[in-house]
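Data block below; observations after.
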Amino acid sequence: MEEECTVRVAVIGCGWWAQGWHLPHLVQNGPHVVVAALVDASAEPISTLSSSPLLSLVELSKLYKCPHYKSVEELLADPEVCPTLDGAIVATSHASHYAVGMALLNEGIRRREQSGRTTIAAGSYHKIVHRALHIMMEKPMTTSVREAHELCRMSRSEYPEGAFIINHTANYRQQTFVAQDIISSGKLGKIRHITATMNGGLMWLFDDPKNHSWVSRTPWNNASSDGDDGNKTKTLPMTGNGYGWGQLAHVLAWIYGVLGHNEVAVPTKVYCNMGHAPHTGADISLAAVITCSDGITFSVSGTALLPGSQYADPPVGKRINIEIFGMDGALLYGGDDRIPESGRLELRRSAPGKKEDGQAEYPCSDILEDGFYFEDGDQEGKGPGSMRVFLDACKSSAARYHHSMASEKNSAMSSETLVDQNGSTTLVNDSLIGLRTVQIIDAMYKSSLSGTAVDIQ
């Protein structure tokens with residue numbers, strides 16, 4: 001049995017979420033998963049959301065036994081560490097995702113161009129597999145439509161050898177995979193209508209000025225706050241910031257994740273009304289109508305005004321409801337995300353004149369956890385499904401790379417040994433889901449400001 005390869009991961013952005021979730025999850029996936037590098041512009045990351053002070057970069061380096069860097073450029077310039085990386089987790093501020101993501105994608109391209117050569121020995125040939133670089137990026141993918149288009153193009157067309165995963169944890173639940181299968185199998189028929197709501201007890205977050213990165217249109221001006229990496233890149237102010245970017249990305253990503261097909265519910269225009277917090281001006285309630293190129297009617301709404309908090313004792317969960325209607329049936333999914341028994345994935349078929357017309361079916365009844373499971377914010381264990389898929393991609397390509405290098409060194413290669421660049425593993429790429437999400441939320445803010453419907457960019 002071959003020894004399992006060790007996967008080496010960089011964590012870029014060492015704020016509250018990285019220290020409380022990503023880093024501990026990576027450790028729990030050990031011993032063949034190693035935190036290989038830490039990156040943050042601030043030597044002393046801070047967060048208004050943490051109940052205790054965050055560890056400094058020096059303390060984190062000692063804890064995880066790895067070097068730390070002030071920027072992704074500094075990391076990628078390190079000739080000892082950079083070439084050994086299999087993946088990177090991007091947990092910086094929303095507005096800096098593009099710059100970090102592009103730097104990582106370009107590093108992957110550089111590796112491919114440098115290593116994609118063929119060696120010949122004793123009548124055989126062997127293609128050198130480059131050490132692929134996989135990315136897991138926090139949501140939203142970015143806050144700029146132009147940047148989202150470019151990340152989508154780069155990850156899908158220019159560097160498809162690397163997985164590009166956006167940490168929409170709800171998209172990696174078993175219920176989501178079942179929903180994808182139902183829609184792709186055609187059980188709903190032609191999709192005609194989509195409606196979604198997401199309401200949470202989040203006024204403590206969006207109406208407190210100290211939560212700068214969650215409420216300001218220029219969150220990057222406040223270095224090292226709430227996962228902000230202190231990126232000082234000159235970027236135009238966001239059109240708006242608040243509940244839209246902070247929460248609605250979850251439900252929009254889920255919808256486009258289960259729809260699957262690139263040409264279903266392509267957004268063309270958005271009209272949106274928003275209500276704003278009294279102290280911060282961040283949006284705390286919104287209602288939008290989305291026009292789609294295929295005629296699907298689509299509405300989405302949400303608010304931070306639900307009394308309570310998920311971090312209170314007792315916690316108050318977010319209330320989510322998503323309904324997708326087709327000519328032959330409907331898919332319904334909703335509940336309280338702190339109470340699994342509050343909801344189930346439900347399928348209703350249209351069968352006029354038959355007994356089964358409109359009868360509820362529960363397609364997840366035979367899986368281990370049938371109930372309402374949406375975001376996966378559990379700090380314990382090995383992390384959400386998105387983390388597992390990311391690490392699986394890293395492990396698979398690392399194994400191919402090490403096999404390739406071992407074969408190159410073996411002078412007694414068998415004839416015609418060719419190691420394929422992509423292997424047999426299908427890599428996940430969430431960039432189109434990320435793009436659709438960014439397009440819609442950006443248009444929501446612009447529509448709210450203008451008071452008119454806004455064309456999707």
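Ligands are numbered from 1 in the order shown, chains are lettered A, B, ... in the order of the structure tokens, and residues start at 1 in each chain.
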Within 6 Å of segment 370-378 of chain A, counting only C-alpha atoms, which residues qualify if same-chain residues fewer than 4 places away don't, as a list in words?
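My list of contacting residues is Thr169, Ala170, Gly335, Pro340, Glu341, Gly343, Arg344, Cys364, Ser365 and Pro384 of chain A.
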Can you pull out every residue from segment 237-281 of chain A that DSSP, working from the backbone, puts in strand (DSSP E or B), and format the result as a ChimeraX atom specification?
/A:242,267-276
Could you write out that same residue set with all heavy atoms as a PDB file, in the first residue's frame?
ATOM      1  N   GLY A 242     -23.424  45.342   3.785  1.00  0.00           N
ATOM      2  CA  GLY A 242     -24.340  44.969   4.855  1.00  0.00           C
ATOM      3  C   GLY A 242     -24.892  43.570   4.640  1.00  0.00           C
ATOM      4  O   GLY A 242     -24.160  42.650   4.259  1.00  0.00           O
ATOM      5  N   PRO A 267     -29.281  35.857 -14.848  1.00  0.00           N
ATOM      6  CA  PRO A 267     -29.888  37.142 -14.492  1.00  0.00           C
ATOM      7  C   PRO A 267     -29.577  38.223 -15.517  1.00  0.00           C
ATOM      8  O   PRO A 267     -28.451  38.314 -16.022  1.00  0.00           O
ATOM      9  CB  PRO A 267     -29.250  37.458 -13.136  1.00  0.00           C
ATOM     10  CG  PRO A 267     -27.914  36.788 -13.191  1.00  0.00           C
ATOM     11  CD  PRO A 267     -28.113  35.533 -13.998  1.00  0.00           C
ATOM     12  N   THR A 268     -30.570  39.034 -15.831  1.00  0.00           N
ATOM     13  CA  THR A 268     -30.367  40.138 -16.780  1.00  0.00           C
ATOM     14  C   THR A 268     -30.688  41.503 -16.179  1.00  0.00           C
ATOM     15  O   THR A 268     -30.174  42.517 -16.639  1.00  0.00           O
ATOM     16  CB  THR A 268     -31.225  39.942 -18.037  1.00  0.00           C
ATOM     17  OG1 THR A 268     -32.613  39.887 -17.661  1.00  0.00           O
ATOM     18  CG2 THR A 268     -30.852  38.648 -18.752  1.00  0.00           C
ATOM     19  N   LYS A 269     -31.556  41.539 -15.175  1.00  0.00           N
ATOM     20  CA  LYS A 269     -31.979  42.821 -14.601  1.00  0.00           C
ATOM     21  C   LYS A 269     -32.438  42.591 -13.160  1.00  0.00           C
ATOM     22  O   LYS A 269     -32.982  41.529 -12.825  1.00  0.00           O
ATOM     23  CB  LYS A 269     -33.122  43.397 -15.426  1.00  0.00           C
ATOM     24  CG  LYS A 269     -33.483  44.860 -15.127  1.00  0.00           C
ATOM     25  CD  LYS A 269     -34.660  45.299 -15.976  1.00  0.00           C
ATOM     26  CE  LYS A 269     -34.338  45.363 -17.450  1.00  0.00           C
ATOM     27  NZ  LYS A 269     -33.456  46.511 -17.787  1.00  0.00           N
ATOM     28  N   VAL A 270     -32.236  43.585 -12.294  1.00  0.00           N
ATOM     29  CA  VAL A 270     -32.630  43.482 -10.886  1.00  0.00           C
ATOM     30  C   VAL A 270     -33.285  44.785 -10.446  1.00  0.00           C
ATOM     31  O   VAL A 270     -32.789  45.877 -10.744  1.00  0.00           O
ATOM     32  CB  VAL A 270     -31.412  43.192  -9.980  1.00  0.00           C
ATOM     33  CG1 VAL A 270     -31.806  43.260  -8.506  1.00  0.00           C
ATOM     34  CG2 VAL A 270     -30.812  41.823 -10.293  1.00  0.00           C
ATOM     35  N   TYR A 271     -34.388  44.638  -9.730  1.00  0.00           N
ATOM     36  CA  TYR A 271     -34.983  45.783  -9.033  1.00  0.00           C
ATOM     37  C   TYR A 271     -35.002  45.447  -7.548  1.00  0.00           C
ATOM     38  O   TYR A 271     -35.430  44.366  -7.154  1.00  0.00           O
ATOM     39  CB  TYR A 271     -36.406  46.067  -9.503  1.00  0.00           C
ATOM     40  CG  TYR A 271     -37.041  47.213  -8.736  1.00  0.00           C
ATOM     41  CD1 TYR A 271     -36.686  48.532  -9.026  1.00  0.00           C
ATOM     42  CD2 TYR A 271     -37.952  46.972  -7.716  1.00  0.00           C
ATOM     43  CE1 TYR A 271     -37.227  49.586  -8.315  1.00  0.00           C
ATOM     44  CE2 TYR A 271     -38.494  48.023  -6.991  1.00  0.00           C
ATOM     45  CZ  TYR A 271     -38.131  49.330  -7.294  1.00  0.00           C
ATOM     46  OH  TYR A 271     -38.668  50.367  -6.576  1.00  0.00           O
ATOM     47  N   CYS A 272     -34.540  46.388  -6.704  1.00  0.00           N
ATOM     48  CA  CYS A 272     -34.402  46.087  -5.280  1.00  0.00           C
ATOM     49  C   CYS A 272     -34.699  47.310  -4.412  1.00  0.00           C
ATOM     50  O   CYS A 272     -34.293  48.431  -4.733  1.00  0.00           O
ATOM     51  CB  CYS A 272     -32.972  45.602  -4.996  1.00  0.00           C
ATOM     52  SG  CYS A 272     -32.661  45.123  -3.287  1.00  0.00           S
ATOM     53  N   ASN A 273     -35.408  47.066  -3.325  1.00  0.00           N
ATOM     54  CA  ASN A 273     -35.579  48.051  -2.250  1.00  0.00           C
ATOM     55  C   ASN A 273     -34.799  47.589  -1.032  1.00  0.00           C
ATOM     56  O   ASN A 273     -34.768  46.392  -0.725  1.00  0.00           O
ATOM     57  CB  ASN A 273     -37.053  48.201  -1.873  1.00  0.00           C
ATOM     58  CG  ASN A 273     -37.812  49.074  -2.842  1.00  0.00           C
ATOM     59  OD1 ASN A 273     -37.264  50.026  -3.389  1.00  0.00           O
ATOM     60  ND2 ASN A 273     -39.079  48.754  -3.075  1.00  0.00           N
ATOM     61  N   MET A 274     -34.186  48.538  -0.323  1.00  0.00           N
ATOM     62  CA  MET A 274     -33.410  48.214   0.875  1.00  0.00           C
ATOM     63  C   MET A 274     -33.780  49.127   2.025  1.00  0.00           C
ATOM     64  O   MET A 274     -34.105  50.303   1.828  1.00  0.00           O
ATOM     65  CB  MET A 274     -31.905  48.347   0.611  1.00  0.00           C
ATOM     66  CG  MET A 274     -31.307  47.301  -0.274  1.00  0.00           C
ATOM     67  SD  MET A 274     -29.496  47.486  -0.403  1.00  0.00           S
ATOM     68  CE  MET A 274     -29.073  46.009  -1.332  1.00  0.00           C
ATOM     69  N   GLY A 275     -33.704  48.577   3.237  1.00  0.00           N
ATOM     70  CA  GLY A 275     -33.798  49.370   4.450  1.00  0.00           C
ATOM     71  C   GLY A 275     -32.450  49.358   5.145  1.00  0.00           C
ATOM     72  O   GLY A 275     -31.693  48.380   5.029  1.00  0.00           O
ATOM     73  N   HIS A 276     -32.121  50.434   5.855  1.00  0.00           N
ATOM     74  CA  HIS A 276     -30.768  50.590   6.391  1.00  0.00           C
ATOM     75  C   HIS A 276     -30.744  50.778   7.905  1.00  0.00           C
ATOM     76  O   HIS A 276     -31.694  51.280   8.501  1.00  0.00           O
ATOM     77  CB  HIS A 276     -30.071  51.761   5.698  1.00  0.00           C
ATOM     78  CG  HIS A 276     -29.918  51.558   4.225  1.00  0.00           C
ATOM     79  ND1 HIS A 276     -30.907  51.914   3.321  1.00  0.00           N
ATOM     80  CD2 HIS A 276     -28.921  51.006   3.493  1.00  0.00           C
ATOM     81  CE1 HIS A 276     -30.520  51.599   2.098  1.00  0.00           C
ATOM     82  NE2 HIS A 276     -29.324  51.060   2.173  1.00  0.00           N
TER      83      HIS A 276
END
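The nearest approach to Met137 of chain A among the residues A:Thr92, A:Ser157, A:Thr426, A:Gln457, with only C-alpha atoms taken into account, belongs to A:Thr92.
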State, in Å with one decimal place, the distance from atom CA of Glu369 of chain A to atom CA of Ile324 of chain A.
22.1 Å
Which residues, written as a PyMOL selection string, have at least one atom at most 10 Å from segment 286-300 of chain A, with only C-alpha atoms counted and residues fewer than 5 positions away on the same chain left out?
chain A and resi 190-198+243-244+248+251-252+263-276+321-322+324-326+440-441+443-445+447-448+453-456
Using only C-alpha atoms, which protein or nucleic acid residues come within 7 Å of Asp336 of chain A? Drop anything in the same chain fewer than 3 positions from it, and give the result as a PyMOL selection string.
chain A and resi 317-320+339+342
Go ahead and dump the residues you just picked, all heavy atoms, as a PDB file, in the first residue's frame.
ATOM      1  N   GLY A 317     -31.540  30.715  15.579  1.00  0.00           N
ATOM      2  CA  GLY A 317     -31.053  30.407  14.240  1.00  0.00           C
ATOM      3  C   GLY A 317     -31.611  31.314  13.163  1.00  0.00           C
ATOM      4  O   GLY A 317     -32.572  32.061  13.378  1.00  0.00           O
ATOM      5  N   LYS A 318     -31.011  31.225  12.004  1.00  0.00           N
ATOM      6  CA  LYS A 318     -31.516  31.938  10.832  1.00  0.00           C
ATOM      7  C   LYS A 318     -32.678  31.144  10.235  1.00  0.00           C
ATOM      8  O   LYS A 318     -32.651  29.915  10.206  1.00  0.00           O
ATOM      9  CB  LYS A 318     -30.407  32.102   9.794  1.00  0.00           C
ATOM     10  CG  LYS A 318     -29.209  32.896  10.302  1.00  0.00           C
ATOM     11  CD  LYS A 318     -28.053  32.827   9.317  1.00  0.00           C
ATOM     12  CE  LYS A 318     -26.809  33.481   9.896  1.00  0.00           C
ATOM     13  NZ  LYS A 318     -25.642  33.331   9.005  1.00  0.00           N
ATOM     14  N   ARG A 319     -33.669  31.859   9.743  1.00  0.00           N
ATOM     15  CA  ARG A 319     -34.830  31.226   9.128  1.00  0.00           C
ATOM     16  C   ARG A 319     -34.724  31.385   7.615  1.00  0.00           C
ATOM     17  O   ARG A 319     -34.696  32.504   7.097  1.00  0.00           O
ATOM     18  CB  ARG A 319     -36.119  31.818   9.674  1.00  0.00           C
ATOM     19  CG  ARG A 319     -36.251  31.677  11.196  1.00  0.00           C
ATOM     20  CD  ARG A 319     -37.577  32.200  11.712  1.00  0.00           C
ATOM     21  NE  ARG A 319     -38.674  31.382  11.232  1.00  0.00           N
ATOM     22  CZ  ARG A 319     -39.099  30.256  11.820  1.00  0.00           C
ATOM     23  NH1 ARG A 319     -38.476  29.808  12.915  1.00  0.00           N
ATOM     24  NH2 ARG A 319     -40.106  29.585  11.330  1.00  0.00           N
ATOM     25  N   ILE A 320     -34.654  30.256   6.941  1.00  0.00           N
ATOM     26  CA  ILE A 320     -34.369  30.231   5.510  1.00  0.00           C
ATOM     27  C   ILE A 320     -35.466  29.439   4.800  1.00  0.00           C
ATOM     28  O   ILE A 320     -35.910  28.396   5.298  1.00  0.00           O
ATOM     29  CB  ILE A 320     -32.994  29.580   5.249  1.00  0.00           C
ATOM     30  CG1 ILE A 320     -31.892  30.395   5.950  1.00  0.00           C
ATOM     31  CG2 ILE A 320     -32.706  29.454   3.754  1.00  0.00           C
ATOM     32  CD1 ILE A 320     -30.676  29.604   6.307  1.00  0.00           C
ATOM     33  N   ILE A 339     -32.064  24.259  14.115  1.00  0.00           N
ATOM     34  CA  ILE A 339     -32.968  23.171  14.517  1.00  0.00           C
ATOM     35  C   ILE A 339     -33.187  22.269  13.309  1.00  0.00           C
ATOM     36  O   ILE A 339     -34.067  22.516  12.481  1.00  0.00           O
ATOM     37  CB  ILE A 339     -34.313  23.715  15.034  1.00  0.00           C
ATOM     38  CG1 ILE A 339     -34.083  24.761  16.132  1.00  0.00           C
ATOM     39  CG2 ILE A 339     -35.190  22.578  15.553  1.00  0.00           C
ATOM     40  CD1 ILE A 339     -35.358  25.466  16.588  1.00  0.00           C
ATOM     41  N   SER A 342     -36.600  21.189  12.058  1.00  0.00           N
ATOM     42  CA  SER A 342     -37.568  22.228  11.668  1.00  0.00           C
ATOM     43  C   SER A 342     -37.937  22.172  10.191  1.00  0.00           C
ATOM     44  O   SER A 342     -38.864  22.854   9.761  1.00  0.00           O
ATOM     45  CB  SER A 342     -37.010  23.617  11.994  1.00  0.00           C
ATOM     46  OG  SER A 342     -35.838  23.881  11.223  1.00  0.00           O
TER      47      SER A 342
END
What's around segment 151-156 of chain A at 9 Å? Count only C-alpha atoms, leave out sequence neighbours fewer than 2 positions away in its own chain, and write the answer as a PyMOL selection string.
chain A and resi 98+101-102+105-106+141-142+146-149+158-164+429-432+434-435
